[in-house]
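Asks: You'll find start_5.txt just under this line, and it carries compact mmCIF, C-alpha atoms and all ligand atoms.
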```
# COMPACT_ATOMS: atom_id res chain seq x y z
CA MET A 1 23.96 3.27 -24.53
CA ARG A 2 25.49 -0.14 -25.12
CA THR A 3 26.78 -1.21 -21.73
CA ALA A 4 25.74 -0.54 -18.15
CA VAL A 5 26.47 -1.73 -14.62
CA VAL A 6 23.75 -1.82 -11.99
CA ILE A 7 25.09 -1.73 -8.43
CA GLY A 8 22.39 -2.85 -6.00
CA THR A 9 20.08 -5.35 -7.66
CA GLY A 10 17.01 -4.83 -5.48
CA LEU A 11 13.61 -3.67 -6.63
CA ILE A 12 14.76 -0.51 -8.41
CA GLY A 13 18.14 -1.70 -9.71
CA THR A 14 16.74 -4.94 -11.12
CA SER A 15 13.74 -3.16 -12.66
CA ALA A 16 16.08 -0.72 -14.46
CA ALA A 17 18.32 -3.62 -15.50
CA LEU A 18 15.34 -5.57 -16.89
CA ALA A 19 14.22 -2.53 -18.91
CA LEU A 20 17.72 -1.87 -20.29
CA SER A 21 18.34 -5.55 -21.11
CA ALA A 22 15.00 -5.72 -22.94
CA ARG A 23 16.21 -2.85 -25.14
CA GLY A 24 19.51 -4.51 -26.02
CA VAL A 25 21.85 -2.89 -23.49
CA ALA A 26 24.46 -5.32 -22.06
CA VAL A 27 23.86 -5.03 -18.31
CA HIS A 28 26.28 -6.22 -15.64
CA LEU A 29 24.85 -6.82 -12.17
CA ARG A 30 26.54 -6.27 -8.81
CA ASP A 31 25.27 -6.47 -5.27
CA ALA A 32 26.87 -6.75 -1.83
CA ASP A 33 24.55 -9.75 -1.50
CA GLU A 34 25.65 -12.15 -4.27
CA ASP A 35 22.34 -14.00 -4.11
CA ALA A 36 20.50 -10.79 -5.02
CA ALA A 37 22.70 -10.29 -8.11
CA ARG A 38 22.31 -13.95 -9.15
CA THR A 39 18.54 -13.77 -8.66
CA ALA A 40 18.39 -10.64 -10.84
CA ALA A 41 20.46 -12.41 -13.52
CA SER A 42 18.15 -15.44 -13.43
CA LEU A 43 15.22 -13.09 -14.12
CA GLY A 44 16.90 -11.90 -17.33
CA ALA A 45 18.18 -8.58 -15.94
CA GLY A 46 21.76 -9.13 -17.16
CA THR A 47 24.91 -10.99 -16.21
CA VAL A 48 26.93 -11.27 -12.99
CA GLU A 49 30.12 -11.51 -15.08
CA PRO A 50 32.37 -8.47 -14.60
CA PRO A 51 32.25 -5.96 -17.49
CA VAL A 52 34.99 -4.69 -19.76
CA THR A 53 35.43 -1.24 -18.25
CA PRO A 54 34.56 1.51 -18.57
CA VAL A 55 30.89 0.83 -19.34
CA ASP A 56 28.69 3.64 -20.64
CA LEU A 57 26.65 4.14 -17.44
CA ALA A 58 26.78 2.89 -13.86
CA ILE A 59 23.46 2.98 -12.03
CA ILE A 60 23.83 3.00 -8.25
CA ALA A 61 20.66 1.57 -6.70
CA VAL A 62 21.71 1.08 -3.06
CA PRO A 63 20.16 2.73 0.06
CA PRO A 64 20.59 6.54 0.05
CA ALA A 65 23.15 6.58 2.90
CA LEU A 66 25.50 4.33 0.87
CA VAL A 67 25.37 6.18 -2.47
CA GLY A 68 28.45 8.37 -1.78
CA ARG A 69 30.66 5.48 -0.69
CA VAL A 70 29.58 3.20 -3.54
CA LEU A 71 30.11 5.98 -6.10
CA ALA A 72 33.60 6.78 -4.71
CA ALA A 73 34.60 3.10 -4.96
CA ALA A 74 33.18 2.71 -8.49
CA GLN A 75 34.93 5.83 -9.73
CA ALA A 76 38.23 4.76 -8.12
CA GLU A 77 37.93 1.55 -10.14
CA GLY A 78 37.19 3.45 -13.41
CA LEU A 79 33.96 1.45 -13.76
CA ALA A 80 31.99 3.76 -16.08
CA ARG A 81 32.06 6.87 -18.23
CA HIS A 82 28.98 8.26 -16.47
CA TYR A 83 27.35 7.58 -13.11
CA THR A 84 23.91 8.08 -11.64
CA ASP A 85 22.08 6.98 -8.50
CA VAL A 86 18.35 6.42 -7.97
CA ALA A 87 17.98 7.28 -4.28
CA SER A 88 14.59 8.62 -3.18
CA VAL A 89 16.26 11.67 -1.59
CA LYS A 90 18.86 13.79 -3.32
CA GLU A 91 20.45 16.34 -0.98
CA GLY A 92 22.06 13.90 1.51
CA PRO A 93 23.68 11.69 -1.17
CA ARG A 94 24.81 14.84 -3.01
CA GLN A 95 26.54 16.15 0.14
CA ASP A 96 28.23 12.75 0.70
CA VAL A 97 29.43 12.68 -2.91
CA VAL A 98 31.06 16.11 -2.52
CA ALA A 99 32.49 15.33 0.95
CA LEU A 100 34.09 12.12 -0.35
CA GLY A 101 35.78 14.06 -3.18
CA CYS A 102 34.00 12.13 -5.97
CA ASP A 103 34.12 13.27 -9.61
CA THR A 104 30.96 15.37 -9.75
CA VAL A 105 31.36 16.15 -13.47
CA HIS A 106 30.44 12.64 -14.58
CA TYR A 107 27.82 11.98 -11.87
CA ILE A 108 24.19 13.04 -11.87
CA GLY A 109 21.63 12.34 -9.13
CA SER A 110 18.28 10.88 -10.15
CA HIS A 111 15.06 9.56 -8.63
CA PRO A 112 12.53 7.42 -10.50
CA MET A 113 9.11 8.16 -9.01
CA ALA A 114 7.94 4.54 -9.01
CA GLY A 115 7.99 1.79 -6.47
CA ALA A 116 6.22 -1.27 -5.13
CA GLU A 117 5.03 -2.65 -1.83
CA ARG A 118 7.94 -5.10 -1.71
CA ASN A 119 11.73 -4.79 -2.04
CA GLY A 120 14.32 -7.08 -3.58
CA PRO A 121 14.90 -8.40 -7.10
CA LEU A 122 11.87 -10.72 -7.05
CA ALA A 123 9.57 -7.69 -6.83
CA ALA A 124 11.20 -6.08 -9.90
CA ARG A 125 9.36 -5.45 -13.18
CA ALA A 126 10.67 -4.28 -16.55
CA ASP A 127 7.73 -1.87 -16.86
CA LEU A 128 8.01 -0.39 -13.33
CA PHE A 129 9.01 3.06 -14.67
CA GLU A 130 6.73 3.08 -17.73
CA GLY A 131 5.00 6.48 -17.93
CA ARG A 132 6.38 7.56 -14.52
CA THR A 133 8.27 10.74 -13.72
CA TRP A 134 12.04 10.34 -13.30
CA VAL A 135 13.67 13.33 -11.61
CA LEU A 136 17.22 14.30 -12.61
CA THR A 137 19.23 16.66 -10.39
CA PRO A 138 22.17 18.01 -12.42
CA THR A 139 24.38 20.76 -10.96
CA GLN A 140 26.61 23.35 -12.61
CA ASP A 141 29.38 20.72 -12.55
CA THR A 142 27.43 18.11 -14.52
CA ASP A 143 28.83 17.29 -17.97
CA THR A 144 26.29 17.49 -20.82
CA GLU A 145 27.21 13.95 -21.90
CA THR A 146 26.42 12.70 -18.40
CA LEU A 147 23.03 14.42 -18.45
CA ASN A 148 22.43 12.86 -21.88
CA ALA A 149 23.37 9.39 -20.60
CA ALA A 150 20.85 9.80 -17.76
CA LEU A 151 18.21 11.04 -20.20
CA GLU A 152 18.83 7.96 -22.34
CA LEU A 153 18.42 5.72 -19.27
CA VAL A 154 15.10 7.42 -18.49
CA ALA A 155 13.91 7.05 -22.10
CA LEU A 156 14.95 3.37 -22.27
CA CYS A 157 12.94 2.75 -19.09
CA GLY A 158 9.88 4.44 -20.66
CA ALA A 159 9.82 7.21 -18.03
CA VAL A 160 9.41 10.96 -18.33
CA PRO A 161 12.38 13.12 -17.24
CA VAL A 162 11.99 16.17 -14.98
CA VAL A 163 15.03 18.27 -14.12
CA MET A 164 15.15 19.75 -10.58
CA ASP A 165 17.53 21.06 -7.98
CA ALA A 166 18.36 18.42 -5.30
CA ALA A 167 17.08 20.44 -2.32
CA ALA A 168 13.91 21.44 -4.22
CA HIS A 169 13.36 17.77 -5.02
CA ASP A 170 13.61 16.77 -1.35
CA ARG A 171 11.15 19.47 -0.27
CA ALA A 172 8.82 18.48 -3.12
CA VAL A 173 8.71 14.78 -2.18
CA ALA A 174 8.31 15.78 1.47
CA LEU A 175 5.27 17.88 0.52
CA VAL A 176 3.56 15.50 -1.90
CA SER A 177 4.49 12.11 -0.44
CA HIS A 178 6.29 11.96 2.91
CA THR A 179 4.16 14.45 4.90
CA PRO A 180 0.84 13.06 3.58
CA GLN A 181 1.99 9.61 4.75
CA VAL A 182 2.58 10.83 8.33
CA ILE A 183 -0.68 12.80 8.39
CA ALA A 184 -2.72 9.88 7.00
CA SER A 185 -1.20 7.63 9.67
CA LEU A 186 -1.98 10.14 12.44
CA VAL A 187 -5.59 10.54 11.29
CA ALA A 188 -6.06 6.76 11.00
CA ALA A 189 -4.42 6.22 14.41
CA ARG A 190 -7.30 8.16 16.03
CA LEU A 191 -9.50 5.18 15.12
CA THR A 192 -7.52 2.57 17.05
CA ASP A 193 -9.26 3.27 20.36
CA ALA A 194 -12.56 4.46 18.91
CA GLU A 195 -15.82 2.64 19.72
CA GLU A 196 -16.81 -0.01 17.19
CA SER A 197 -20.07 1.92 16.67
CA ALA A 198 -18.04 4.98 15.62
CA VAL A 199 -15.77 3.07 13.23
CA ARG A 200 -18.80 1.51 11.57
CA LEU A 201 -19.87 4.97 10.41
CA ALA A 202 -16.72 5.28 8.24
CA GLY A 203 -17.58 6.70 4.85
CA PRO A 204 -15.62 7.86 1.80
CA GLY A 205 -14.05 10.86 3.62
CA ILE A 206 -12.07 8.82 6.14
CA ARG A 207 -11.38 6.10 3.57
CA ASP A 208 -9.89 8.63 1.12
CA THR A 209 -7.78 10.47 3.69
CA THR A 210 -6.35 7.31 5.30
CA ARG A 211 -5.82 5.07 2.25
CA ILE A 212 -2.00 5.28 2.50
CA ALA A 213 -2.06 4.69 6.27
CA ALA A 214 -2.13 0.97 5.38
CA SER A 215 1.51 1.16 4.10
CA ASP A 216 4.36 -0.94 5.53
CA PRO A 217 5.72 0.95 8.62
CA ARG A 218 9.28 -0.41 8.33
CA MET A 219 9.59 0.62 4.69
CA TRP A 220 8.32 4.10 5.62
CA VAL A 221 10.76 4.50 8.50
CA ASP A 222 13.54 3.97 5.93
CA ILE A 223 12.02 6.50 3.55
CA LEU A 224 11.33 9.09 6.24
CA SER A 225 14.74 8.72 7.87
CA ALA A 226 16.37 9.79 4.60
CA ASN A 227 14.35 13.04 4.50
CA ALA A 228 13.50 13.45 8.18
CA ALA A 229 14.63 17.06 8.70
CA VAL A 230 12.68 18.37 5.71
CA VAL A 231 9.52 16.45 6.69
CA ALA A 232 9.85 17.65 10.30
CA GLY A 233 10.04 21.25 9.03
CA ILE A 234 6.82 20.87 7.03
CA LEU A 235 5.08 19.15 9.97
CA GLU A 236 6.07 22.09 12.20
CA GLU A 237 4.38 24.46 9.73
CA LEU A 238 1.39 22.15 9.76
CA ALA A 239 1.34 22.10 13.57
CA ALA A 240 1.11 25.90 13.52
CA ASP A 241 -1.83 25.63 11.06
CA LEU A 242 -3.43 23.05 13.36
CA GLY A 243 -3.09 25.49 16.26
CA THR A 244 -4.92 28.10 14.20
CA ALA A 245 -7.67 25.64 13.28
CA VAL A 246 -8.09 24.57 16.93
CA ALA A 247 -8.30 28.19 18.09
CA GLY A 248 -10.89 28.89 15.38
CA LEU A 249 -12.97 25.89 16.41
CA ARG A 250 -12.82 26.91 20.11
CA GLU A 251 -14.16 30.32 19.13
CA LEU A 252 -16.81 28.67 17.00
CA ALA A 253 -17.93 26.70 20.09
CA ALA A 254 -18.13 29.81 22.29
CA ALA A 255 -21.40 31.34 23.53
CA ASP A 256 -20.35 34.83 22.49
CA GLU A 257 -21.74 35.79 19.05
CA ALA A 258 -18.73 37.92 18.04
CA LYS A 259 -16.33 35.10 18.89
CA ARG A 260 -18.39 32.63 16.88
CA GLU A 261 -18.22 34.94 13.89
CA SER A 262 -14.47 35.33 14.21
CA GLY A 263 -14.09 31.55 14.60
CA ALA A 264 -16.19 30.91 11.50
CA GLY A 265 -13.87 33.21 9.55
CA VAL A 266 -10.77 31.36 10.76
CA VAL A 267 -12.21 27.91 9.98
CA GLU A 268 -13.50 29.03 6.59
CA ASP A 269 -10.04 30.35 5.77
CA VAL A 270 -8.51 26.95 6.65
CA LEU A 271 -11.00 25.22 4.34
CA ARG A 272 -10.51 27.75 1.52
CA ARG A 273 -6.75 27.33 1.66
CA GLY A 274 -7.37 23.60 1.36
CA ASN A 275 -9.53 24.19 -1.74
CA ALA A 276 -6.74 26.28 -3.26
CA GLY A 277 -4.06 23.68 -2.59
CA ARG A 278 -6.20 20.82 -3.83
CA ALA A 279 -6.99 22.74 -7.04
CA ARG A 280 -3.27 22.83 -7.84
CA ILE A 281 -2.89 19.03 -8.05
CA PRO A 282 -2.26 18.21 -11.73
CA GLY A 283 -4.92 16.40 -13.74
CA LYS A 284 -4.54 13.12 -15.60
CA HIS A 285 -1.28 12.48 -17.47
CA GLY A 286 0.27 15.58 -15.83
CA ALA A 287 -2.22 17.89 -17.58
CA PRO A 288 -3.31 21.13 -15.87
CA PRO A 289 -5.75 20.59 -12.97
CA THR A 290 -9.13 19.62 -14.41
CA ARG A 291 -12.58 19.73 -12.85
CA TYR A 292 -14.81 16.80 -13.67
CA GLU A 293 -18.50 16.31 -13.05
CA VAL A 294 -19.33 13.22 -11.03
CA VAL A 295 -22.25 11.04 -12.10
CA SER A 296 -23.19 8.56 -9.32
CA VAL A 297 -24.84 5.35 -10.45
CA LEU A 298 -26.35 2.66 -8.22
CA ILE A 299 -25.05 -0.82 -9.02
CA GLY A 300 -25.45 -4.24 -7.49
CA ASP A 301 -22.30 -5.88 -6.08
CA GLN A 302 -22.31 -8.74 -8.60
CA PRO A 303 -20.36 -9.95 -11.65
CA GLY A 304 -20.83 -8.04 -14.89
CA GLU A 305 -22.44 -4.89 -13.44
CA LEU A 306 -19.41 -2.65 -14.02
CA ALA A 307 -18.85 -4.05 -17.51
CA ARG A 308 -22.49 -3.33 -18.42
CA LEU A 309 -22.24 0.22 -17.03
CA PHE A 310 -18.97 0.99 -18.85
CA ALA A 311 -20.33 -0.50 -22.07
CA ASP A 312 -23.42 1.75 -21.85
CA ALA A 313 -21.20 4.81 -21.26
CA GLY A 314 -18.98 3.75 -24.18
CA ARG A 315 -21.96 3.30 -26.52
CA ALA A 316 -23.03 6.85 -25.60
CA GLY A 317 -19.58 7.99 -26.81
CA ILE A 318 -18.49 9.23 -23.38
CA ASN A 319 -14.97 8.91 -22.03
CA ILE A 320 -14.88 8.04 -18.34
CA GLU A 321 -12.03 10.15 -16.95
CA ASP A 322 -11.90 8.52 -13.53
CA VAL A 323 -13.91 6.10 -11.40
CA ASP A 324 -14.37 5.08 -7.79
CA ILE A 325 -16.93 3.07 -5.85
CA GLU A 326 -18.74 4.05 -2.66
CA HIS A 327 -19.91 0.78 -1.12
CA SER A 328 -23.19 0.81 0.78
CA THR A 329 -23.15 -0.32 4.41
CA GLY A 330 -25.13 -3.49 4.99
CA GLN A 331 -26.31 -3.88 1.38
CA GLN A 332 -24.88 -5.73 -1.61
CA ALA A 333 -24.85 -2.50 -3.62
CA GLY A 334 -22.95 0.74 -4.00
CA PHE A 335 -22.59 3.92 -5.99
CA VAL A 336 -20.12 4.00 -8.86
CA ARG A 337 -18.87 7.56 -9.16
CA LEU A 338 -18.02 8.24 -12.80
CA SER A 339 -15.94 11.39 -13.40
CA VAL A 340 -16.55 12.88 -16.83
CA ALA A 341 -15.90 16.18 -18.63
CA PRO A 342 -18.58 18.69 -17.49
CA ARG A 343 -20.05 18.96 -21.02
CA ALA A 344 -20.50 15.16 -21.15
CA ALA A 345 -22.29 14.77 -17.80
CA ARG A 346 -25.85 15.49 -19.01
CA SER A 347 -25.61 13.13 -22.02
CA LEU A 348 -24.17 10.40 -19.80
CA GLU A 349 -27.01 10.79 -17.30
CA ASP A 350 -29.61 10.68 -20.10
CA ALA A 351 -28.01 7.62 -21.72
CA LEU A 352 -27.75 5.74 -18.43
CA ARG A 353 -31.34 6.53 -17.37
CA ALA A 354 -32.53 5.38 -20.80
CA ASN A 355 -30.74 2.07 -20.15
CA GLY A 356 -32.49 1.61 -16.81
CA TRP A 357 -29.76 2.72 -14.40
CA SER A 358 -30.67 4.53 -11.14
CA LEU A 359 -28.75 7.73 -10.64
CA ARG A 360 -28.21 9.70 -7.46
N1 LIG A 401 11.47 1.14 -3.27
C1 LIG A 401 11.02 2.25 -3.82
O1 LIG A 401 9.81 2.46 -3.88
C2 LIG A 401 12.00 3.23 -4.40
C3 LIG A 401 11.54 4.15 -5.36
C4 LIG A 401 12.46 5.02 -5.94
C5 LIG A 401 13.80 4.99 -5.53
N2 LIG A 401 14.20 4.13 -4.57
C6 LIG A 401 15.61 4.14 -4.18
O2 LIG A 401 16.26 3.07 -4.86
C7 LIG A 401 17.34 2.59 -4.06
C8 LIG A 401 17.19 1.08 -3.89
O3 LIG A 401 15.94 0.83 -3.28
P1 LIG A 401 15.21 -0.58 -3.47
O4 LIG A 401 13.80 -0.35 -3.12
O5 LIG A 401 15.58 -1.18 -4.78
O6 LIG A 401 15.90 -1.40 -2.28
P2 LIG A 401 16.20 -2.96 -2.20
O7 LIG A 401 16.39 -3.23 -0.76
O8 LIG A 401 15.22 -3.74 -2.97
O9 LIG A 401 17.62 -3.08 -2.93
C9 LIG A 401 18.81 -2.50 -2.46
C10 LIG A 401 19.94 -3.44 -2.83
O10 LIG A 401 21.19 -2.78 -2.58
C11 LIG A 401 22.10 -3.78 -2.13
N3 LIG A 401 23.22 -3.13 -1.46
C12 LIG A 401 23.23 -2.55 -0.25
N4 LIG A 401 24.47 -2.06 -0.01
C13 LIG A 401 25.23 -2.31 -1.09
C14 LIG A 401 26.58 -2.02 -1.44
N5 LIG A 401 27.40 -1.36 -0.61
N6 LIG A 401 27.03 -2.45 -2.65
C15 LIG A 401 26.22 -3.12 -3.49
N7 LIG A 401 24.91 -3.42 -3.20
C16 LIG A 401 24.45 -3.01 -2.02
C17 LIG A 401 21.25 -4.64 -1.22
O11 LIG A 401 21.86 -5.91 -1.01
C18 LIG A 401 19.95 -4.71 -2.01
O12 LIG A 401 19.93 -5.84 -2.88
C19 LIG A 401 17.29 3.34 -2.74
O13 LIG A 401 18.24 4.40 -2.77
C20 LIG A 401 15.88 3.91 -2.71
O14 LIG A 401 15.83 5.15 -2.00
C21 LIG A 401 13.34 3.23 -4.01
```
Any chance you could put this one into structure tokens?
Ligand SMILES: NC(=O)c1ccc[n+]([C@@H]2O[C@H](COP(=O)([O-])OP(=O)(O)OC[C@H]3O[C@@H](n4cnc5c(N)ncnc54)[C@H](O)[C@@H]3O)[C@@H](O)[C@H]2O)c1
Replies:
Amino acid sequence: MRTAVVIGTGLIGTSAALALSARGVAVHLRDADEDAARTAASLGAGTVEPPVTPVDLAIIAVPPALVGRVLAAAQAEGLARHYTDVASVKEGPRQDVVALGCDTVHYIGSHPMAGAERNGPLAARADLFEGRTWVLTPTQDTDTETLNAALELVALCGAVPVVMDAAAHDRAVALVSHTPQVIASLVAARLTDAEESAVRLAGPGIRDTTRIAASDPRMWVDILSANAAVVAGILEELAADLGTAVAGLRELAAADEAKRESGAGVVEDVLRRGNAGRARIPGKHGAPPTRYEVVSVLIGDQPGELARLFADAGRAGINIEDVDIEHSTGQQAGFVRLSVAPRAARSLEDALRANGWSLR
């Protein structure tokens, strides 16, 4: 790829443009808001000068509802040899592209699975897609050269390509991202009217399940509105599961022994299905799901404690696979939870005890 046009120089468009420019591609920037394009250019993402057409690839990075119209206009102008978009949902834009009679041979849908808390060119980073998944949604129409151009874009941005069907993509992001957002918000919302004394009891369980409830509501309305029907469908299935769980809990609260037994079975089944789903979440770097042992170490909340702990683990030759901190209530201390391979847990515990650490 030697030349590219980015249409829509916000967070995603400018980030892609920065990555391509850094790898020697001549990038031309366009935006309905000229200031956005000029800002992107001033960051080193490319030039606002019009290109000699056709360029090798046009990257359409506008809101999902506008992808079809922007693609139709770009193709009518003969802007590029190949076209892609980066919208977070794929089925709606795909339907618009077909309805508007666009050339579907030289267009491929795509979705880089990376983002930031803020929008606009000033939030862009050349390394935004580094190591991230980038979904491509070719169809039977898609030309091999167009797929290759998209694969080259993904490689130049340092991302990892995954090929999927558009509808499967939308259901997948609804399952792993959009629905969890709504559920986390609903769970967290129960706390708004809770007694202060209840909220003060918050431990790691509620913190873990509501972490994403702190997201920007306006940004999420945009995201959800693009995939609303699919998310609503999954939430309906979830509502049915909730009904089952409620019925099981009512039985569990009954005086009748037989009912309590039946309720326990229903609730246990809910929890077991949760275990099974959780066990399917891939491990680090997309590896198969991995079980780690957790070693909990008491540390003081002061400078240098974590460094000392990690250095002791490193000297014992143990790779820390993951880490989180459970902060104590009312004390300047907490437990660092070190996840390690099961065979390394005992040696880590021995090494840390030998260095004076307190373990739980
Ligand atoms: N933000 C994310 O986390 C994220 C992640 C992956 C994919 N996406 C997708 O990337 C696309 C862009 O999102 P963003 O976060 O960069 O948004 P953004 O608001 O930062 O940028 C969008 C840009 O498109 C421009 N624009 C709007 N209509 C236009 C038109 N008709 N012609 C030219 N430019 C136009 C806007 O002026 C704006 O500068 C969206 O389709 C979004 O679904 C976003």
Asks: Please identify all polymer residues within 8 Å of segment 336-344 of chain A, counting only C-alpha atoms, omitting same-chain residues fewer than 6 positions from it, and present them as a list in words.
Replies: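 Once the nearby chain positions are removed, what remains is Arg291, Tyr292, Glu293, Val294, Val295, Ser296, Val297, Leu298, Ile299, Ile318, Asn319, Ile320, Glu321, Asp322, Val323, Asp324, Ile325 and Glu326 of chain A.
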Asks: Mind giving me the straight-line distance from atom O11 of ligand LIG 401 (chain A) to atom CA of Ile7 of chain A in Å, one decimal?
Replies: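 For atom O11 of ligand LIG 401 (chain A) relative to atom CA of Ile7 of chain A, the distance reads 9.1 Å.
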Asks: Rank A:Ala123, A:Val199, A:Val48, A:Ile234 by their smallest atom-to-atom distance to ligand LIG 401 (chain A), using only C-alpha atoms and all ligand atoms, and report the top residue only.
Replies: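 Once distances to ligand LIG 401 (chain A) are computed over only C-alpha atoms and all ligand atoms, the minimum belongs to A:Ala123.
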Asks: Using all atoms listed in the file, find each protein or nucleic acid residue lying at most 9 Å from ligand LIG 401 (chain A); present the set as a PyMOL selection string.
Replies: chain A and resi 6-15+30-37+60-67+69-70+85-89+110-124+219+222-223+226
Asks: Set the distance at 7 Å and use only C-alpha atoms: which residues neighbour Val55 of chain A once local chain neighbours fewer than 4 positions away are removed? I'd like the list as a PyMOL selection string.
Replies: chain A and resi 3-5+79-81
Asks: Between A:Val98, A:Met1, A:Ala194, A:Ala76, single out the one closest to Val27 of chain A, counting only C-alpha atoms.
Replies: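 Looking at the shortest contact to Val27 of chain A, the residue is A:Met1.
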Asks: Extract, using only C-alpha atoms, all DNA, RNA and protein residues at most 10 Å from Ala228 of chain A, discarding same-chain residues fewer than 5 positions from it, and format them as an mmCIF file with C-alpha atoms, keeping the file's coordinate frame.
Replies:
```cif
data_model
loop_
_atom_site.group_PDB
_atom_site.id
_atom_site.type_symbol
_atom_site.label_atom_id
_atom_site.label_comp_id
_atom_site.auth_asym_id
_atom_site.auth_seq_id
_atom_site.Cartn_x
_atom_site.Cartn_y
_atom_site.Cartn_z
ATOM 1 C CA ALA A 174 8.310 15.780 1.470
ATOM 2 C CA HIS A 178 6.290 11.960 2.910
ATOM 3 C CA THR A 179 4.160 14.450 4.900
ATOM 4 C CA VAL A 221 10.760 4.500 8.500
ATOM 5 C CA ASP A 222 13.540 3.970 5.930
ATOM 6 C CA ILE A 223 12.020 6.500 3.550
ATOM 7 C CA GLY A 233 10.040 21.250 9.030
#
```
Asks: If we count all atoms listed in the file and set the cut-off at 12 Å, which residues sit around Arg315 of chain A, ignoring sequence neighbours fewer than 2 positions away in its own chain? Please answer as number ranges by chain.
Replies: A: 308-313, 317-320, 347-348, 351-352, 355
Asks: May I have the residues within 9 Å of Asp301 of chain A as an MDAnalysis selection string, using only C-alpha atoms and disregarding those fewer than 2 positions away in the same chain?
Replies: chainID A and resid 299 303 305 327 331:334
Asks: May I have the protein, DNA and RNA residues with any atom at most 8 Å from the point (25.2, 18.6, -14.5), counting all atoms listed in the file, written as a PDB file with C-alpha atoms, in the frame of the given file?
Replies:
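Heads up, here's the output in result-v3.pdb:
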```
ATOM      1  CA  VAL A 105      31.360  16.150 -13.470  1.00  0.00           C
ATOM      2  CA  HIS A 106      30.440  12.640 -14.580  1.00  0.00           C
ATOM      3  CA  TYR A 107      27.820  11.980 -11.870  1.00  0.00           C
ATOM      4  CA  ILE A 108      24.190  13.040 -11.870  1.00  0.00           C
ATOM      5  CA  THR A 137      19.230  16.660 -10.390  1.00  0.00           C
ATOM      6  CA  PRO A 138      22.170  18.010 -12.420  1.00  0.00           C
ATOM      7  CA  THR A 139      24.380  20.760 -10.960  1.00  0.00           C
ATOM      8  CA  GLN A 140      26.610  23.350 -12.610  1.00  0.00           C
ATOM      9  CA  ASP A 141      29.380  20.720 -12.550  1.00  0.00           C
ATOM     10  CA  THR A 142      27.430  18.110 -14.520  1.00  0.00           C
ATOM     11  CA  ASP A 143      28.830  17.290 -17.970  1.00  0.00           C
ATOM     12  CA  THR A 144      26.290  17.490 -20.820  1.00  0.00           C
ATOM     13  CA  THR A 146      26.420  12.700 -18.400  1.00  0.00           C
ATOM     14  CA  LEU A 147      23.030  14.420 -18.450  1.00  0.00           C
TER      15      LEU A 147
END
```
Asks: Which one is closest to Ala214 of chain A: A:Val266, A:Leu156, A:Leu186, A:Ala279? Count all atoms listed in the file.
Replies: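 Using all atoms listed in the file, Ala214 of chain A sits closest to A:Leu186.
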Asks: Go through A:Glu195, A:Glu130, A:Asp208, A:Ala58 and flag the residue nearest Ala73 of chain A, using all atoms listed in the file for the distances.
Replies: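 Ranking A:Glu195, A:Glu130, A:Asp208, A:Ala58 by distance to Ala73 of chain A, first place goes to A:Ala58.
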Asks: For a quick check of your reading of the model, name the residues lying within 12 Å of the coordinate (-4.5, 8.5, 3.2), counting all atoms listed in the file, and write them as a list in words.
Replies: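 Within 12 Å of (-4.5, 8.5, 3.2), the protein and nucleic acid residues are Val176, Ser177, His178, Thr179, Pro180, Gln181, Val182, Ile183, Ala184, Ser185, Leu186, Val187, Ala188, Ala189, Pro204, Gly205, Ile206, Arg207, Asp208, Thr209, Thr210, Arg211, Ile212, Ala213, Ala214 and Ser215 of chain A.
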Asks: Take the residues just selected and output them with C-alpha atoms as a PDB file, keeping the file's coordinate frame.
Replies:
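result-v3.pdb written:
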```
ATOM      1  CA  VAL A 176       3.560  15.500  -1.900  1.00  0.00           C
ATOM      2  CA  SER A 177       4.490  12.110  -0.440  1.00  0.00           C
ATOM      3  CA  HIS A 178       6.290  11.960   2.910  1.00  0.00           C
ATOM      4  CA  THR A 179       4.160  14.450   4.900  1.00  0.00           C
ATOM      5  CA  PRO A 180       0.840  13.060   3.580  1.00  0.00           C
ATOM      6  CA  GLN A 181       1.990   9.610   4.750  1.00  0.00           C
ATOM      7  CA  VAL A 182       2.580  10.830   8.330  1.00  0.00           C
ATOM      8  CA  ILE A 183      -0.680  12.800   8.390  1.00  0.00           C
ATOM      9  CA  ALA A 184      -2.720   9.880   7.000  1.00  0.00           C
ATOM     10  CA  SER A 185      -1.200   7.630   9.670  1.00  0.00           C
ATOM     11  CA  LEU A 186      -1.980  10.140  12.440  1.00  0.00           C
ATOM     12  CA  VAL A 187      -5.590  10.540  11.290  1.00  0.00           C
ATOM     13  CA  ALA A 188      -6.060   6.760  11.000  1.00  0.00           C
ATOM     14  CA  ALA A 189      -4.420   6.220  14.410  1.00  0.00           C
ATOM     15  CA  PRO A 204     -15.620   7.860   1.800  1.00  0.00           C
ATOM     16  CA  GLY A 205     -14.050  10.860   3.620  1.00  0.00           C
ATOM     17  CA  ILE A 206     -12.070   8.820   6.140  1.00  0.00           C
ATOM     18  CA  ARG A 207     -11.380   6.100   3.570  1.00  0.00           C
ATOM     19  CA  ASP A 208      -9.890   8.630   1.120  1.00  0.00           C
ATOM     20  CA  THR A 209      -7.780  10.470   3.690  1.00  0.00           C
ATOM     21  CA  THR A 210      -6.350   7.310   5.300  1.00  0.00           C
ATOM     22  CA  ARG A 211      -5.820   5.070   2.250  1.00  0.00           C
ATOM     23  CA  ILE A 212      -2.000   5.280   2.500  1.00  0.00           C
ATOM     24  CA  ALA A 213      -2.060   4.690   6.270  1.00  0.00           C
ATOM     25  CA  ALA A 214      -2.130   0.970   5.380  1.00  0.00           C
ATOM     26  CA  SER A 215       1.510   1.160   4.100  1.00  0.00           C
TER      27      SER A 215
END
```
Asks: Which residue, A:Arg94, A:Arg171, A:Asn275, A:Val270, has the smallest gap to Val246 of chain A when you use only C-alpha atoms?
Replies: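 Checking each candidate against Val246 of chain A, we get A:Val270 as the closest.
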